[in-house]
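S.K.: Below is the file model_11.json, with JSON, C-alpha atoms.
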```json
[["chain", "number", "residue", "atom", "x", "y", "z"],
["A", 1, "MET", "CA", 0.57, -11.29, -11.91],
["A", 2, "GLY", "CA", -3.08, -11.09, -10.94],
["A", 3, "ALA", "CA", -5.32, -9.96, -13.76],
["A", 4, "ALA", "CA", -7.40, -6.80, -13.51],
["A", 5, "SER", "CA", -11.00, -7.36, -12.55],
["A", 6, "PRO", "CA", -13.59, -4.68, -13.36],
["A", 7, "ASP", "CA", -16.25, -5.94, -10.94],
["A", 8, "ALA", "CA", -16.76, -4.36, -7.53],
["A", 9, "GLY", "CA", -16.71, -7.68, -5.63],
["A", 10, "ASN", "CA", -17.07, -7.42, -1.87],
["A", 11, "ALA", "CA", -16.89, -3.65, -1.35],
["A", 12, "ALA", "CA", -16.17, -3.88, 2.38],
["A", 13, "ALA", "CA", -13.22, -6.21, 1.80],
["A", 14, "ASP", "CA", -12.06, -4.39, -1.34],
["A", 15, "ALA", "CA", -11.78, -1.13, 0.61],
["A", 16, "ASN", "CA", -9.03, -2.75, 2.72],
["A", 17, "ALA", "CA", -6.74, -3.25, -0.27],
["A", 18, "ILE", "CA", -3.21, -1.83, 0.06],
["A", 19, "CYS", "CA", -2.24, -0.63, -3.38],
["A", 20, "PHE", "CA", -0.59, 1.92, -5.63],
["A", 21, "CYS", "CA", -2.15, 3.49, -8.72],
["A", 22, "PRO", "CA", -0.53, 3.22, -12.18],
["A", 23, "GLY", "CA", 1.85, 6.05, -12.92],
["A", 24, "THR", "CA", 3.29, 6.01, -9.41],
["A", 25, "ARG", "CA", 7.07, 5.64, -9.57],
["A", 26, "VAL", "CA", 8.73, 3.20, -7.17],
["A", 27, "LEU", "CA", 12.41, 3.47, -6.23],
["A", 28, "THR", "CA", 14.24, 0.38, -7.44],
["A", 29, "LEU", "CA", 17.86, -0.69, -7.63],
["A", 30, "ASN", "CA", 17.81, 0.77, -11.16],
["A", 31, "GLY", "CA", 16.16, 4.06, -10.23],
["A", 32, "TRP", "CA", 12.55, 5.23, -10.31],
["A", 33, "ARG", "CA", 10.20, 3.00, -12.31],
["A", 34, "PRO", "CA", 6.43, 3.14, -12.89],
["A", 35, "VAL", "CA", 4.74, 0.60, -10.65],
["A", 36, "GLU", "CA", 2.84, -0.90, -13.59],
["A", 37, "CYS", "CA", 6.15, -1.72, -15.30],
["A", 38, "LEU", "CA", 7.57, -3.70, -12.39],
["A", 39, "ARG", "CA", 7.80, -7.48, -12.52],
["A", 40, "VAL", "CA", 8.24, -10.27, -10.00],
["A", 41, "GLY", "CA", 11.96, -10.54, -9.22],
["A", 42, "ASP", "CA", 12.69, -6.83, -9.68],
["A", 43, "ARG", "CA", 14.68, -5.39, -6.78],
["A", 44, "VAL", "CA", 13.08, -2.49, -4.93],
["A", 45, "LEU", "CA", 14.89, -0.34, -2.37],
["A", 46, "THR", "CA", 13.37, -0.63, 1.11],
["A", 47, "ARG", "CA", 13.87, 1.53, 4.18],
["A", 48, "ASP", "CA", 14.84, -1.36, 6.46],
["A", 49, "SER", "CA", 16.19, -4.21, 4.34],
["A", 50, "GLY", "CA", 18.05, -2.71, 1.41],
["A", 51, "ALA", "CA", 17.18, -3.96, -2.07],
["A", 52, "GLN", "CA", 14.49, -6.66, -1.94],
["A", 53, "ARG", "CA", 13.00, -8.73, -4.74],
["A", 54, "ILE", "CA", 9.30, -8.45, -5.47],
["A", 55, "ARG", "CA", 7.68, -11.79, -4.67],
["A", 56, "TRP", "CA", 4.16, -11.14, -5.95],
["A", 57, "ILE", "CA", 2.23, -8.43, -7.82],
["A", 58, "GLY", "CA", -1.55, -8.21, -7.73],
["A", 59, "ARG", "CA", -3.69, -6.02, -9.95],
["A", 60, "ARG", "CA", -7.40, -5.14, -9.84],
["A", 61, "ALA", "CA", -9.66, -2.53, -11.41],
["A", 62, "PHE", "CA", -12.59, -0.97, -9.54],
["A", 63, "ALA", "CA", -15.16, 1.75, -9.89],
["A", 64, "GLY", "CA", -13.19, 4.52, -8.20],
["A", 65, "THR", "CA", -16.06, 5.96, -6.21],
["A", 66, "GLY", "CA", -17.26, 5.83, -2.62],
["A", 67, "PRO", "CA", -15.05, 3.77, -0.28],
["A", 68, "LEU", "CA", -12.84, 2.67, -3.19],
["A", 69, "ALA", "CA", -12.01, 6.18, -4.40],
["A", 70, "PRO", "CA", -8.23, 6.73, -4.24],
["A", 71, "VAL", "CA", -6.54, 9.17, -1.91],
["A", 72, "GLU", "CA", -4.29, 11.77, -3.53],
["A", 73, "VAL", "CA", -1.32, 13.24, -1.65],
["A", 74, "ALA", "CA", -0.31, 16.61, -3.08],
["A", 75, "ARG", "CA", 3.20, 17.43, -4.22],
["A", 76, "GLY", "CA", 5.38, 18.51, -1.31],
["A", 77, "VAL", "CA", 3.29, 16.75, 1.33],
["A", 78, "LEU", "CA", 5.07, 14.01, 3.34],
["A", 79, "GLY", "CA", 7.94, 14.18, 0.88],
["A", 80, "ALA", "CA", 5.91, 13.57, -2.29],
["A", 81, "ASP", "CA", 7.78, 14.72, -5.40],
["A", 82, "ARG", "CA", 4.50, 15.01, -7.31],
["A", 83, "PRO", "CA", 0.83, 14.11, -6.67],
["A", 84, "VAL", "CA", 0.56, 10.47, -5.61],
["A", 85, "ARG", "CA", -2.62, 8.38, -5.66],
["A", 86, "LEU", "CA", -3.07, 5.22, -3.63],
["A", 87, "SER", "CA", -5.79, 3.13, -2.04],
["A", 88, "PRO", "CA", -7.50, 4.57, 1.07],
["A", 89, "GLN", "CA", -6.12, 1.98, 3.52],
["A", 90, "HIS", "CA", -2.56, 2.19, 2.19],
["A", 91, "ARG", "CA", -0.37, 3.16, 5.15],
["A", 92, "LEU", "CA", 2.17, 5.99, 4.89],
["A", 93, "LEU", "CA", 5.20, 6.44, 7.13],
["A", 94, "LEU", "CA", 5.03, 9.39, 9.51],
["A", 95, "SER", "CA", 7.83, 10.72, 11.70],
["A", 96, "GLY", "CA", 8.67, 13.69, 13.86],
["A", 97, "PRO", "CA", 8.34, 14.92, 17.45],
["A", 98, "HIS", "CA", 4.53, 14.61, 17.39],
["A", 99, "ILE", "CA", 4.82, 10.90, 16.54],
["A", 100, "ALA", "CA", 7.36, 10.31, 19.30],
["A", 101, "ALA", "CA", 5.24, 12.18, 21.83],
["A", 102, "LEU", "CA", 2.15, 10.17, 20.96],
["A", 103, "THR", "CA", 3.59, 6.70, 20.46],
["A", 104, "GLY", "CA", 7.01, 6.72, 22.12],
["A", 105, "GLU", "CA", 8.50, 5.67, 18.78],
["A", 106, "ALA", "CA", 10.26, 7.71, 16.12],
["A", 107, "GLU", "CA", 8.04, 6.52, 13.27],
["A", 108, "ALA", "CA", 4.59, 5.07, 12.72],
["A", 109, "LEU", "CA", 2.40, 4.00, 9.83],
["A", 110, "CYS", "CA", -1.00, 5.55, 9.18],
["A", 111, "PRO", "CA", -3.67, 4.75, 6.56],
["A", 112, "ALA", "CA", -3.90, 7.49, 3.95],
["A", 113, "LEU", "CA", -7.65, 7.72, 4.58],
["A", 114, "HIS", "CA", -7.05, 8.94, 8.15],
["A", 115, "LEU", "CA", -4.84, 11.77, 6.86],
["A", 116, "VAL", "CA", -7.39, 13.26, 4.44],
["A", 117, "ASP", "CA", -7.82, 16.98, 5.14],
["A", 118, "GLY", "CA", -9.68, 18.02, 1.97],
["A", 119, "ALA", "CA", -6.79, 20.15, 0.74],
["A", 120, "ARG", "CA", -3.29, 18.67, 0.81],
["A", 121, "ILE", "CA", -4.57, 15.09, 1.07],
["A", 122, "ARG", "CA", -7.96, 14.42, -0.51],
["A", 123, "ARG", "CA", -10.22, 11.75, -1.98],
["A", 124, "ARG", "CA", -10.37, 11.66, -5.78],
["A", 125, "GLN", "CA", -13.59, 10.22, -7.18],
["A", 126, "THR", "CA", -12.95, 8.67, -10.58],
["A", 127, "PRO", "CA", -14.99, 6.41, -12.90],
["A", 128, "TRP", "CA", -12.37, 3.64, -12.72],
["A", 129, "VAL", "CA", -9.20, 3.03, -10.80],
["A", 130, "THR", "CA", -6.59, 0.28, -11.09],
["A", 131, "TYR", "CA", -4.81, -0.77, -7.92],
["A", 132, "LEU", "CA", -1.51, -2.68, -7.85],
["A", 133, "HIS", "CA", -0.12, -4.60, -4.85],
["A", 134, "LEU", "CA", 3.61, -5.24, -4.32],
["A", 135, "MET", "CA", 4.62, -8.01, -1.90],
["A", 136, "PHE", "CA", 8.08, -8.87, -0.55],
["A", 137, "ASP", "CA", 9.36, -11.58, 1.80],
["A", 138, "LYS", "CA", 8.16, -9.41, 4.69],
["A", 139, "HIS", "CA", 6.27, -6.18, 5.27],
["A", 140, "GLU", "CA", 8.48, -3.33, 4.04],
["A", 141, "VAL", "CA", 8.49, 0.43, 3.72],
["A", 142, "ILE", "CA", 9.33, 1.55, 0.19],
["A", 143, "TRP", "CA", 9.46, 4.87, -1.65],
["A", 144, "ALA", "CA", 6.74, 5.94, -4.08],
["A", 145, "ASP", "CA", 7.42, 9.30, -5.75],
["A", 146, "GLY", "CA", 9.15, 10.42, -2.56],
["A", 147, "LEU", "CA", 6.49, 9.10, -0.17],
["A", 148, "ALA", "CA", 7.53, 6.42, 2.30],
["A", 149, "ALA", "CA", 4.72, 3.85, 2.02],
["A", 150, "GLU", "CA", 4.10, 0.26, 3.02],
["A", 151, "SER", "CA", 4.21, -2.81, 0.82],
["A", 152, "PHE", "CA", 1.42, -5.39, 0.64],
["A", 153, "ARG", "CA", 0.88, -7.21, 3.95],
["A", 154, "LEU", "CA", -1.03, -10.46, 3.92],
["A", 155, "GLY", "CA", -3.84, -10.77, 6.45],
["A", 156, "PRO", "CA", -7.55, -11.66, 6.56],
["A", 157, "ALA", "CA", -8.69, -8.30, 5.17],
["A", 158, "THR", "CA", -6.20, -8.14, 2.31],
["A", 159, "ALA", "CA", -6.78, -11.81, 1.45],
["A", 160, "ALA", "CA", -10.53, -11.17, 1.33],
["A", 161, "ALA", "CA", -9.92, -8.37, -1.19],
["A", 162, "MET", "CA", -8.35, -10.83, -3.67],
["A", 163, "THR", "CA", -10.39, -12.13, -6.58],
["A", 164, "PRO", "CA", -10.76, -15.93, -6.85],
["A", 165, "ALA", "CA", -8.19, -15.89, -9.67],
["A", 166, "MET", "CA", -5.74, -13.92, -7.53],
["A", 167, "ARG", "CA", -6.26, -16.32, -4.63],
["A", 168, "ARG", "CA", -5.56, -19.33, -6.88],
["A", 169, "GLU", "CA", -2.40, -17.71, -8.22],
["A", 170, "PHE", "CA", -1.25, -16.75, -4.73],
["A", 171, "GLU", "CA", -1.92, -20.22, -3.31],
["A", 172, "ALA", "CA", 0.01, -21.81, -6.18],
["A", 173, "LEU", "CA", 3.00, -19.56, -5.51],
["A", 174, "PHE", "CA", 2.84, -19.59, -1.71],
["A", 175, "PRO", "CA", 1.06, -22.77, -0.57],
["A", 176, "GLY", "CA", -0.64, -22.49, 2.79],
["A", 177, "GLN", "CA", -0.02, -18.78, 3.36],
["A", 178, "LEU", "CA", -3.64, -17.76, 2.82],
["A", 179, "ALA", "CA", -4.83, -20.35, 5.35],
["A", 180, "ARG", "CA", -2.23, -19.21, 7.89],
["A", 181, "ALA", "CA", -3.20, -15.57, 7.41],
["A", 182, "ALA", "CA", -6.84, -16.40, 8.20],
["A", 183, "ARG", "CA", -5.97, -17.88, 11.60],
["A", 184, "PRO", "CA", -5.77, -15.77, 14.79],
["A", 185, "GLY", "CA", -2.34, -14.16, 14.92],
["A", 186, "GLY", "CA", -1.68, -15.15, 11.32],
["A", 187, "ARG", "CA", -1.09, -11.66, 10.00],
["A", 188, "ALA", "CA", 2.41, -10.83, 8.83],
["A", 189, "PRO", "CA", 4.25, -8.56, 11.32],
["A", 190, "LEU", "CA", 4.01, -4.82, 10.63],
["A", 191, "ALA", "CA", 7.13, -2.88, 9.67],
["A", 192, "ARG", "CA", 6.03, -0.13, 12.10],
["A", 193, "ARG", "CA", 3.24, 0.48, 14.60],
["A", 194, "SER", "CA", -0.01, 1.47, 12.86],
["A", 195, "LEU", "CA", -2.06, 4.47, 13.99],
["A", 196, "GLY", "CA", -5.86, 4.40, 14.13],
["A", 197, "ARG", "CA", -8.18, 7.25, 13.17],
["A", 198, "ASP", "CA", -8.18, 8.93, 16.60],
["A", 199, "ALA", "CA", -4.39, 8.81, 16.91],
["A", 200, "ALA", "CA", -4.04, 10.12, 13.36],
["A", 201, "ALA", "CA", -6.28, 13.09, 14.23],
["A", 202, "LEU", "CA", -4.07, 13.89, 17.23],
["A", 203, "VAL", "CA", -0.96, 13.70, 15.04],
["A", 204, "ALA", "CA", -2.50, 16.03, 12.46],
["A", 205, "ALA", "CA", -3.48, 18.52, 15.17],
["A", 206, "SER", "CA", 0.00, 18.39, 16.74],
["A", 207, "ALA", "CA", 1.66, 18.84, 13.35],
["A", 208, "GLY", "CA", -0.43, 21.94, 12.70]]
```
Taking this structure as input, can you express it in the form of structure tokens?

M.R.:
Amino acid sequence: MGAASPDAGNAAADANAICFCPGTRVLTLNGWRPVECLRVGDRVLTRDSGAQRIRWIGRRAFAGTGPLAPVEVARGVLGADRPVRLSPQHRLLLSGPHIAALTGEAEALCPALHLVDGARIRRRQTPWVTYLHLMFDKHEVIWADGLAAESFRLGPATAAAMTPAMRREFEALFPGQLARAARPGGRAPLARRSLGRDAAALVAASAG
């Protein structure tokens, strides 16, 4: 598993990380487990593919301010059983008539940052934050304290957010995947369509 790194690194790339914060409970084949206690090979329940084994776990520590400050979803919002903190670009699964009207599909993914309203979903500035990535054989939707949220998806932005040590570990485990991800069209397919900021604002307005 990638070691924590306390340096800020490339802030623009780091802000694209897709991660959970320690303390978040993930639904596994053996029930809810803190994300920091999971290990490669553990089987996590997914929305589309049943129980899937974790293929890779990354871990980094940052100054939790500015663009790297986590987003906190309040209890009761989007199905959260308790307050959940995750990285700003971490996509959450949205559904309902407003999604269907906007996209023509029953569900869509949306970065947590685009859903911030200052009350139910807000940024939480903190001196330090640790972010953990969970990767499976493909992009999945998993449950985190009741929230339906995406797993790690390899692409140019997420690869750029890796430390050199994480990149070496990843390349050793999955030879050639980083190079493929950097090429045009090399991103792993999304589990659902992803909404941009403008579409997210329309969804929020439609949802009331």

S.K.: For Ala144 of chain A, list every protein, DNA or RNA residue within 8 Å, evaluated using all atoms listed in the file, and leave out those in the same chain fewer than 4 positions away; present the list as a list in words.

M.R.: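 Residues meeting the cut-off are Thr24, Arg25, Val26, Leu27, Ala80, Val84, Ala148 and Ala149 of chain A.
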
S.K.: If I take atom CA of Phe62 of chain A and atom CA of Ala191 of chain A, how far is one from the other in Å, to one decimal?

M.R.: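 Separating atom CA of Phe62 of chain A from atom CA of Ala191 of chain A is a distance of 27.6 Å.
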
S.K.: Just checking: using only C-alpha atoms, which residue out of A:Ala17, A:Ala160, A:Leu195, A:Leu92 ends up closest to Trp143 of chain A?

M.R.: A:Leu92

S.K.: Residues at most 12 Å from segment 32-35 of chain A, counting all atoms listed in the file, excluding those fewer than 5 positions away in the same chain, as a PDB file with C-alpha atoms, in the coordinates of the input?

M.R.:
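The new file selection.pdb reads:
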```
ATOM      1  CA  CYS A  19      -2.240  -0.630  -3.380  1.00  0.00           C
ATOM      2  CA  PHE A  20      -0.590   1.920  -5.630  1.00  0.00           C
ATOM      3  CA  CYS A  21      -2.150   3.490  -8.720  1.00  0.00           C
ATOM      4  CA  PRO A  22      -0.530   3.220 -12.180  1.00  0.00           C
ATOM      5  CA  GLY A  23       1.850   6.050 -12.920  1.00  0.00           C
ATOM      6  CA  THR A  24       3.290   6.010  -9.410  1.00  0.00           C
ATOM      7  CA  ARG A  25       7.070   5.640  -9.570  1.00  0.00           C
ATOM      8  CA  VAL A  26       8.730   3.200  -7.170  1.00  0.00           C
ATOM      9  CA  LEU A  27      12.410   3.470  -6.230  1.00  0.00           C
ATOM     10  CA  VAL A  40       8.240 -10.270 -10.000  1.00  0.00           C
ATOM     11  CA  ASP A  42      12.690  -6.830  -9.680  1.00  0.00           C
ATOM     12  CA  ARG A  43      14.680  -5.390  -6.780  1.00  0.00           C
ATOM     13  CA  VAL A  44      13.080  -2.490  -4.930  1.00  0.00           C
ATOM     14  CA  LEU A  45      14.890  -0.340  -2.370  1.00  0.00           C
ATOM     15  CA  ILE A  54       9.300  -8.450  -5.470  1.00  0.00           C
ATOM     16  CA  ILE A  57       2.230  -8.430  -7.820  1.00  0.00           C
ATOM     17  CA  GLY A  58      -1.550  -8.210  -7.730  1.00  0.00           C
ATOM     18  CA  ARG A  59      -3.690  -6.020  -9.950  1.00  0.00           C
ATOM     19  CA  ASP A  81       7.780  14.720  -5.400  1.00  0.00           C
ATOM     20  CA  VAL A  84       0.560  10.470  -5.610  1.00  0.00           C
ATOM     21  CA  ARG A  85      -2.620   8.380  -5.660  1.00  0.00           C
ATOM     22  CA  LEU A  86      -3.070   5.220  -3.630  1.00  0.00           C
ATOM     23  CA  THR A 130      -6.590   0.280 -11.090  1.00  0.00           C
ATOM     24  CA  TYR A 131      -4.810  -0.770  -7.920  1.00  0.00           C
ATOM     25  CA  LEU A 132      -1.510  -2.680  -7.850  1.00  0.00           C
ATOM     26  CA  HIS A 133      -0.120  -4.600  -4.850  1.00  0.00           C
ATOM     27  CA  LEU A 134       3.610  -5.240  -4.320  1.00  0.00           C
ATOM     28  CA  ILE A 142       9.330   1.550   0.190  1.00  0.00           C
ATOM     29  CA  TRP A 143       9.460   4.870  -1.650  1.00  0.00           C
ATOM     30  CA  ALA A 144       6.740   5.940  -4.080  1.00  0.00           C
ATOM     31  CA  ASP A 145       7.420   9.300  -5.750  1.00  0.00           C
ATOM     32  CA  GLY A 146       9.150  10.420  -2.560  1.00  0.00           C
ATOM     33  CA  SER A 151       4.210  -2.810   0.820  1.00  0.00           C
TER      34      SER A 151
END
```

S.K.: One number please: atom CA of Phe170 of chain A to atom CA of Arg39 of chain A, in Å, one decimal.

M.R.: 15.1 Å

S.K.: Can you work out the spacing between atom CA of Gly79 of chain A and atom CA of Leu147 of chain A in Å, to one decimal?

M.R.: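 Rounded to one decimal, the two atoms are 5.4 Å apart.
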